[in-house]
>>> print(open('data05.json').read())   # JSON, C-alpha atoms and all ligand atoms
[["chain", "number", "residue", "atom", "x", "y", "z"],
["R", 1, "MET", "CA", 154.11, 92.88, 148.42],
["R", 2, "PRO", "CA", 153.36, 89.47, 150.04],
["R", 3, "LYS", "CA", 152.60, 86.57, 147.73],
["R", 4, "PRO", "CA", 148.92, 85.57, 147.72],
["R", 5, "LYS", "CA", 148.09, 82.20, 149.27],
["R", 6, "GLY", "CA", 144.95, 81.82, 147.23],
["R", 7, "ALA", "CA", 142.98, 83.06, 144.26],
["R", 8, "VAL", "CA", 139.42, 83.18, 143.01],
["R", 9, "THR", "CA", 137.67, 82.30, 139.77],
["R", 10, "ILE", "CA", 134.57, 84.39, 139.01],
["R", 11, "ILE", "CA", 132.00, 83.16, 136.51],
["R", 12, "ILE", "CA", 130.66, 86.57, 135.59],
["R", 13, "GLU", "CA", 127.58, 85.42, 133.67],
["R", 14, "ARG", "CA", 126.25, 83.37, 136.64],
["R", 15, "CYS", "CA", 126.46, 86.29, 139.06],
["R", 16, "LYS", "CA", 123.33, 88.07, 140.30],
["R", 17, "GLY", "CA", 125.21, 90.87, 142.03],
["R", 18, "CYS", "CA", 123.96, 90.08, 145.56],
["R", 19, "GLY", "CA", 127.28, 91.11, 147.12],
["R", 20, "PHE", "CA", 127.45, 88.21, 149.61],
["R", 21, "CYS", "CA", 130.96, 87.31, 148.48],
["R", 22, "VAL", "CA", 132.11, 90.90, 149.00],
["R", 23, "GLU", "CA", 130.46, 91.11, 152.41],
["R", 24, "PHE", "CA", 131.73, 87.79, 153.76],
["R", 25, "CYS", "CA", 135.31, 87.79, 152.47],
["R", 26, "PRO", "CA", 137.30, 88.09, 155.71],
["R", 27, "THR", "CA", 140.18, 90.00, 154.14],
["R", 28, "LYS", "CA", 138.20, 92.32, 151.80],
["R", 29, "VAL", "CA", 139.64, 90.97, 148.58],
["R", 30, "LEU", "CA", 136.53, 91.69, 146.51],
["R", 31, "GLU", "CA", 134.34, 94.63, 145.49],
["R", 32, "LEU", "CA", 131.37, 94.78, 143.15],
["R", 33, "SER", "CA", 132.54, 96.21, 139.86],
["R", 34, "ASN", "CA", 130.86, 98.99, 137.92],
["R", 35, "ALA", "CA", 130.59, 96.72, 134.88],
["R", 36, "PHE", "CA", 127.42, 94.81, 134.01],
["R", 37, "ASN", "CA", 127.07, 91.20, 132.94],
["R", 38, "SER", "CA", 124.57, 90.28, 130.23],
["R", 39, "LYS", "CA", 121.78, 89.97, 132.82],
["R", 40, "GLY", "CA", 122.40, 93.52, 134.04],
["R", 41, "TYR", "CA", 124.09, 92.65, 137.35],
["R", 42, "HIS", "CA", 127.35, 93.97, 138.75],
["R", 43, "PRO", "CA", 129.71, 91.03, 139.31],
["R", 44, "PRO", "CA", 132.53, 91.17, 141.85],
["R", 45, "HIS", "CA", 136.12, 91.80, 140.90],
["R", 46, "VAL", "CA", 139.34, 91.35, 142.80],
["R", 47, "VAL", "CA", 140.77, 94.54, 144.32],
["R", 48, "ALA", "CA", 143.33, 93.07, 146.74],
["R", 49, "PRO", "CA", 144.67, 89.79, 145.28],
["R", 50, "GLU", "CA", 147.59, 89.68, 147.73],
["R", 51, "LYS", "CA", 145.13, 89.30, 150.63],
["R", 52, "CYS", "CA", 143.36, 86.20, 149.30],
["R", 53, "SER", "CA", 143.91, 83.11, 151.44],
["R", 54, "GLY", "CA", 141.95, 80.78, 149.18],
["R", 55, "CYS", "CA", 139.54, 80.02, 152.03],
["R", 56, "ASP", "CA", 136.58, 79.74, 149.60],
["R", 57, "LEU", "CA", 134.19, 81.49, 151.99],
["R", 58, "CYS", "CA", 133.07, 83.52, 148.98],
["R", 59, "GLY", "CA", 132.22, 80.31, 147.14],
["R", 60, "MET", "CA", 130.34, 78.89, 150.13],
["R", 61, "VAL", "CA", 128.05, 81.91, 150.47],
["R", 62, "CYS", "CA", 127.43, 82.46, 146.76],
["R", 63, "PRO", "CA", 123.87, 81.29, 146.00],
["R", 64, "ASP", "CA", 124.63, 80.97, 142.29],
["R", 65, "PHE", "CA", 127.96, 79.07, 142.32],
["R", 66, "ALA", "CA", 129.49, 82.00, 140.50],
["R", 67, "ILE", "CA", 132.73, 82.30, 142.47],
["R", 68, "PHE", "CA", 135.29, 79.79, 143.74],
["R", 69, "GLY", "CA", 138.27, 80.35, 145.98],
["R", 70, "TYR", "CA", 141.23, 77.97, 145.97],
["R", 71, "LYS", "CA", 144.62, 77.64, 147.56],
["R", 72, "LEU", "CA", 147.70, 78.27, 145.46],
["R", 73, "PRO", "CA", 150.53, 75.71, 145.70],
["R", 74, "ALA", "CA", 153.22, 76.66, 148.20],
["R", 75, "THR", "CA", 156.46, 77.72, 146.59],
["R", 76, "ALA", "CA", 159.33, 75.24, 146.85],
["R", 77, "ALA", "CA", 161.68, 75.70, 149.75],
["R", 78, "PRO", "CA", 164.94, 77.37, 148.79],
["R", 79, "SER", "CA", 167.71, 74.82, 148.28],
["R", 80, "SER", "CA", 169.67, 76.28, 151.21],
["R", 81, "GLU", "CA", 166.96, 74.91, 153.51],
["R", 82, "LEU", "CA", 167.35, 71.35, 152.24],
["R", 83, "ARG", "CA", 169.36, 69.00, 154.40],
["R", 84, "PRO", "CA", 171.99, 67.04, 152.41],
["R", 85, "GLU", "CA", 170.18, 63.74, 152.94],
["R", 86, "GLU", "CA", 166.99, 65.21, 151.45],
["R", 87, "ALA", "CA", 168.80, 66.26, 148.30],
["R", 88, "THR", "CA", 170.64, 62.97, 147.75],
["R", 89, "VAL", "CA", 169.32, 60.67, 145.04],
["R", 90, "PRO", "CA", 169.78, 57.00, 146.06],
["R", 91, "ALA", "CA", 172.22, 55.05, 143.88],
["R", 92, "ALA", "CA", 170.60, 52.64, 141.42],
["R", 93, "GLN", "CA", 170.42, 49.06, 142.71],
["R", 94, "GLY", "CA", 171.20, 45.97, 140.68],
["R", 95, "GLY", "CA", 172.65, 46.59, 137.26],
["R", 96, "ASN", "CA", 170.96, 44.10, 135.00],
["R", 97, "SER", "CA", 169.33, 46.68, 132.75],
["R", 101, "LIG", "S1", 138.87, 82.73, 148.84],
["R", 101, "LIG", "FE1", 138.54, 83.65, 150.91],
["R", 101, "LIG", "S2", 140.05, 85.34, 151.01],
["R", 101, "LIG", "FE2", 139.85, 84.77, 148.81],
["R", 101, "LIG", "S3", 138.27, 86.15, 147.99],
["R", 101, "LIG", "FE3", 137.20, 84.27, 148.65],
["R", 101, "LIG", "S4", 136.54, 84.70, 150.78],
["R", 101, "LIG", "FE4", 138.10, 86.22, 150.23],
["R", 102, "LIG", "S1", 127.88, 85.95, 145.99],
["R", 102, "LIG", "FE1", 127.81, 85.09, 143.91],
["R", 102, "LIG", "S2", 125.97, 85.99, 142.95],
["R", 102, "LIG", "FE2", 126.44, 87.22, 144.78],
["R", 102, "LIG", "S3", 127.77, 88.90, 144.00],
["R", 102, "LIG", "FE3", 129.13, 87.27, 144.67],
["R", 102, "LIG", "S4", 129.54, 86.04, 142.81],
["R", 102, "LIG", "FE4", 127.71, 87.30, 142.41]]
>>> encode(input="data05.json", output="structure tokens", more="lines below")
Ligand code: SF4
Ligand code: SF4
Amino acid sequence: MPKPKGAVTIIIERCKGCGFCVEFCPTKVLELSNAFNSKGYHPPHVVAPEKCSGCDLCGMVCPDFAIFGYKLPATAAPSSELRPEEATVPAAQGGNS
């Protein structure tokens, strides 16, 4: 399974169940859940986390600021891809410590 490039935070109690985030997500990460929040709306939930790019289109279309997409930090390059000069720590200068 590919690693997700992004993730979303959903503030369930702010949601009014309009479904804009579900409709506009380009990679179909979200669906409205069957659960209710305390206002009686169905908030979205994540059904395909591996497809999230963190583009935040869901957050831009949400009229209630109830969802936010964000990029996840890229994983560090494997050490075999480092050139020797990138891995070398410069020698300390001076010596009067
Ligand atoms: S951040 Fe982008 S890809 Fe992720 S759920 Fe929101 S709209 Fe979809
Ligand atoms: S766009 Fe916002 S208010 Fe509408 S369903 Fe998604 S999270 Fe809820």
>>> residues_around(input="data05.json", residues="segment 15-23 of chain R", least_positions_apart="2", cutoff="10 Å", atoms="all atoms listed in the file", output="JSON, numbers by chain")
{"R": [10, 11, 12, 13, 25, 26, 27, 28, 29, 30, 31, 32, 33, 36, 37, 38, 39, 40, 41, 42, 43, 44, 45, 46, 56, 57, 58, 59, 60, 61, 62, 63, 64, 65, 66, 67, 68]}
>>> atom_distance(input="data05.json", atom1="atom FE1 of ligand LIG 101 (chain R)", atom2="atom CA of Asn34 of chain R")
21.5 Å
>>> atom_distance(input="data05.json", atom1="atom FE4 of ligand LIG 101 (chain R)", atom2="atom CA of Lys3 of chain R")
14.7 Å
>>> closest_residue(input="data05.json", among="R:Gly69, R:Pro49, R:Pro4, R:Gly54", to="ligand LIG 102 (chain R)", atoms="all atoms listed in the file")
R:Gly69
>>> residues_around(input="data05.json", residues="Glu50 of chain R", least_positions_apart="2", cutoff="9 Å", atoms="all atoms listed in the file", output="ChimeraX atom specification")
/R:1-7,29,48,52-53
>>> axis_aligned_box(input="data05.json", around="ligand LIG 102 (chain R)", padding_each_side="3 Å", output="lines of an AutoDock Vina configuration file")
center_x = 127.8
center_y = 87.0
center_z = 144.2
size_x = 9.6
size_y = 9.8
size_z = 9.6
>>> atom_distance(input="data05.json", atom1="atom FE2 of ligand LIG 102 (chain R)", atom2="atom CA of Pro73 of chain R")
26.7 Å
>>> closest_residue(input="data05.json", among="R:Val47, R:Val8, R:Cys55, R:Ala74", to="ligand LIG 102 (chain R)", atoms="all atoms listed in the file")
R:Val8
>>> build_atoms(input="data05.json", residues="segment 57-74 of chain R", atoms="N, CA and C atoms", output="compact mmCIF listing (two decimals), in the coordinates of the input")
# COMPACT_ATOMS: atom_id res chain seq x y z
N LEU R 57 135.41 81.01 151.32
CA LEU R 57 134.19 81.49 151.99
C LEU R 57 133.27 82.16 150.98
N CYS R 58 133.87 82.87 150.03
CA CYS R 58 133.07 83.52 148.98
C CYS R 58 132.26 82.48 148.21
N GLY R 59 132.92 81.36 147.88
CA GLY R 59 132.22 80.31 147.14
C GLY R 59 131.12 79.65 147.97
N MET R 60 131.35 79.54 149.27
CA MET R 60 130.34 78.89 150.13
C MET R 60 129.09 79.74 150.30
N VAL R 61 129.24 81.05 150.25
CA VAL R 61 128.05 81.91 150.47
C VAL R 61 127.38 82.31 149.15
N CYS R 62 128.02 82.04 148.04
CA CYS R 62 127.43 82.46 146.76
C CYS R 62 126.24 81.56 146.42
N PRO R 63 125.04 82.12 146.30
CA PRO R 63 123.87 81.29 146.00
C PRO R 63 123.83 80.79 144.57
N ASP R 64 124.69 81.31 143.72
CA ASP R 64 124.63 80.97 142.29
C ASP R 64 125.88 80.24 141.79
N PHE R 65 126.74 79.80 142.70
CA PHE R 65 127.96 79.07 142.32
C PHE R 65 128.74 79.85 141.26
N ALA R 66 128.86 81.14 141.49
CA ALA R 66 129.49 82.00 140.50
C ALA R 66 130.92 82.38 140.88
N ILE R 67 131.38 81.94 142.05
CA ILE R 67 132.73 82.30 142.47
C ILE R 67 133.32 81.12 143.25
N PHE R 68 134.60 80.90 143.07
CA PHE R 68 135.29 79.79 143.74
C PHE R 68 136.65 80.28 144.21
N GLY R 69 136.94 80.05 145.46
CA GLY R 69 138.27 80.35 145.98
C GLY R 69 139.08 79.07 146.08
N TYR R 70 140.37 79.16 145.87
CA TYR R 70 141.23 77.97 145.97
C TYR R 70 142.62 78.38 146.43
N LYS R 71 143.26 77.42 147.07
CA LYS R 71 144.62 77.64 147.56
C LYS R 71 145.62 77.54 146.41
N LEU R 72 146.62 78.38 146.43
CA LEU R 72 147.70 78.27 145.46
C LEU R 72 148.78 77.36 146.04
N PRO R 73 149.49 76.60 145.18
CA PRO R 73 150.53 75.71 145.70
C PRO R 73 151.63 76.52 146.38
N ALA R 74 152.12 75.98 147.49
CA ALA R 74 153.22 76.66 148.20
C ALA R 74 154.46 76.63 147.32
